[in-house]
Amino acid sequence: MVIGSTMMTMAPRRHTLRTATAAVALALVVVACSAGDDEPTPPVSLPSTPDTLPATTVDQFDGLLRQLEGTPVVVNLWASWCVPCEAETPKLVEAAAEHPDIQFLGVNSQDARDSAEAFIATHGMTYPSVFDPDGAIKTDLNGNGLPMTVFYRADGSIEATLPIELSQEALDEHLDAISP
């Protein structure tokens, strides 16, 4: 019986020691991995032409949105292979022309760059897009599929997120809600 109770008291100590050792090892890995990351990733700038697709990380995208604070923003996540994206793009192109006081920004998600550039040209997109080949921005915005549109107020807060193809009525309603 004494051996059994000794083993019972030893087991939790070994488990605690393993947990503590794992925690120290994890802390060392985190410190070692972050040692060279003193400089934050600079935000990407708005592309100068609609068919320029700079690759963008989540941090760069967040920085871009911070740069745009003070202006209402419509972010549309799309892909050239997405049939609903193809259907809603003409509505967005028209809305961008009708609302010069709102910044429209496309996020090409999980696509091939050459296909995306052809889509932009074919649909006459006049607003800039950024390239998110692995869908990290979509994931960061809690998106599951495409298309997805996020409407930002001028203060940077989200007015609405629509994870579906935009109807003209929904687009008009949310543009009115964020218009200055």
# chains A, B, ... in the order shown; residues from 1 in each chain; ligands from 1
>>> residues_around(residues="Gln103 (chain A)", least_positions_apart="5", cutoff="9 Å", atoms="only C-alpha atoms", output="list in words")
Leu68, Thr71, Pro72, Val73, Val74, Val75, Ala96 and Tyr127 of chain A
>>> closest_residue(among="A:Val58, A:Leu166, A:Ala87, A:Leu64", to="Val150 (chain A)", atoms="only C-alpha atoms")
A:Leu166
>>> residues_around(residues="Thr56 (chain A)", least_positions_apart="6", cutoff="12 Å", atoms="only C-alpha atoms", output="PyMOL selection string")
chain A and resi 41-47+62-64+106-109+129-138
>>> atom_distance(atom1="CA of Glu69 (chain A)", atom2="CA of Pro84 (chain A)")
28.9 Å
>>> closest_residue(among="A:Leu92, A:Ile158, A:Gly145, A:Asp140", to="Asp172 (chain A)", atoms="only C-alpha atoms")
A:Leu92
>>> select_by_dssp(residues="region 33-119 of chain A", states="strand (DSSP E)", output="PyMOL selection string")
chain A and resi 73-78+103-109
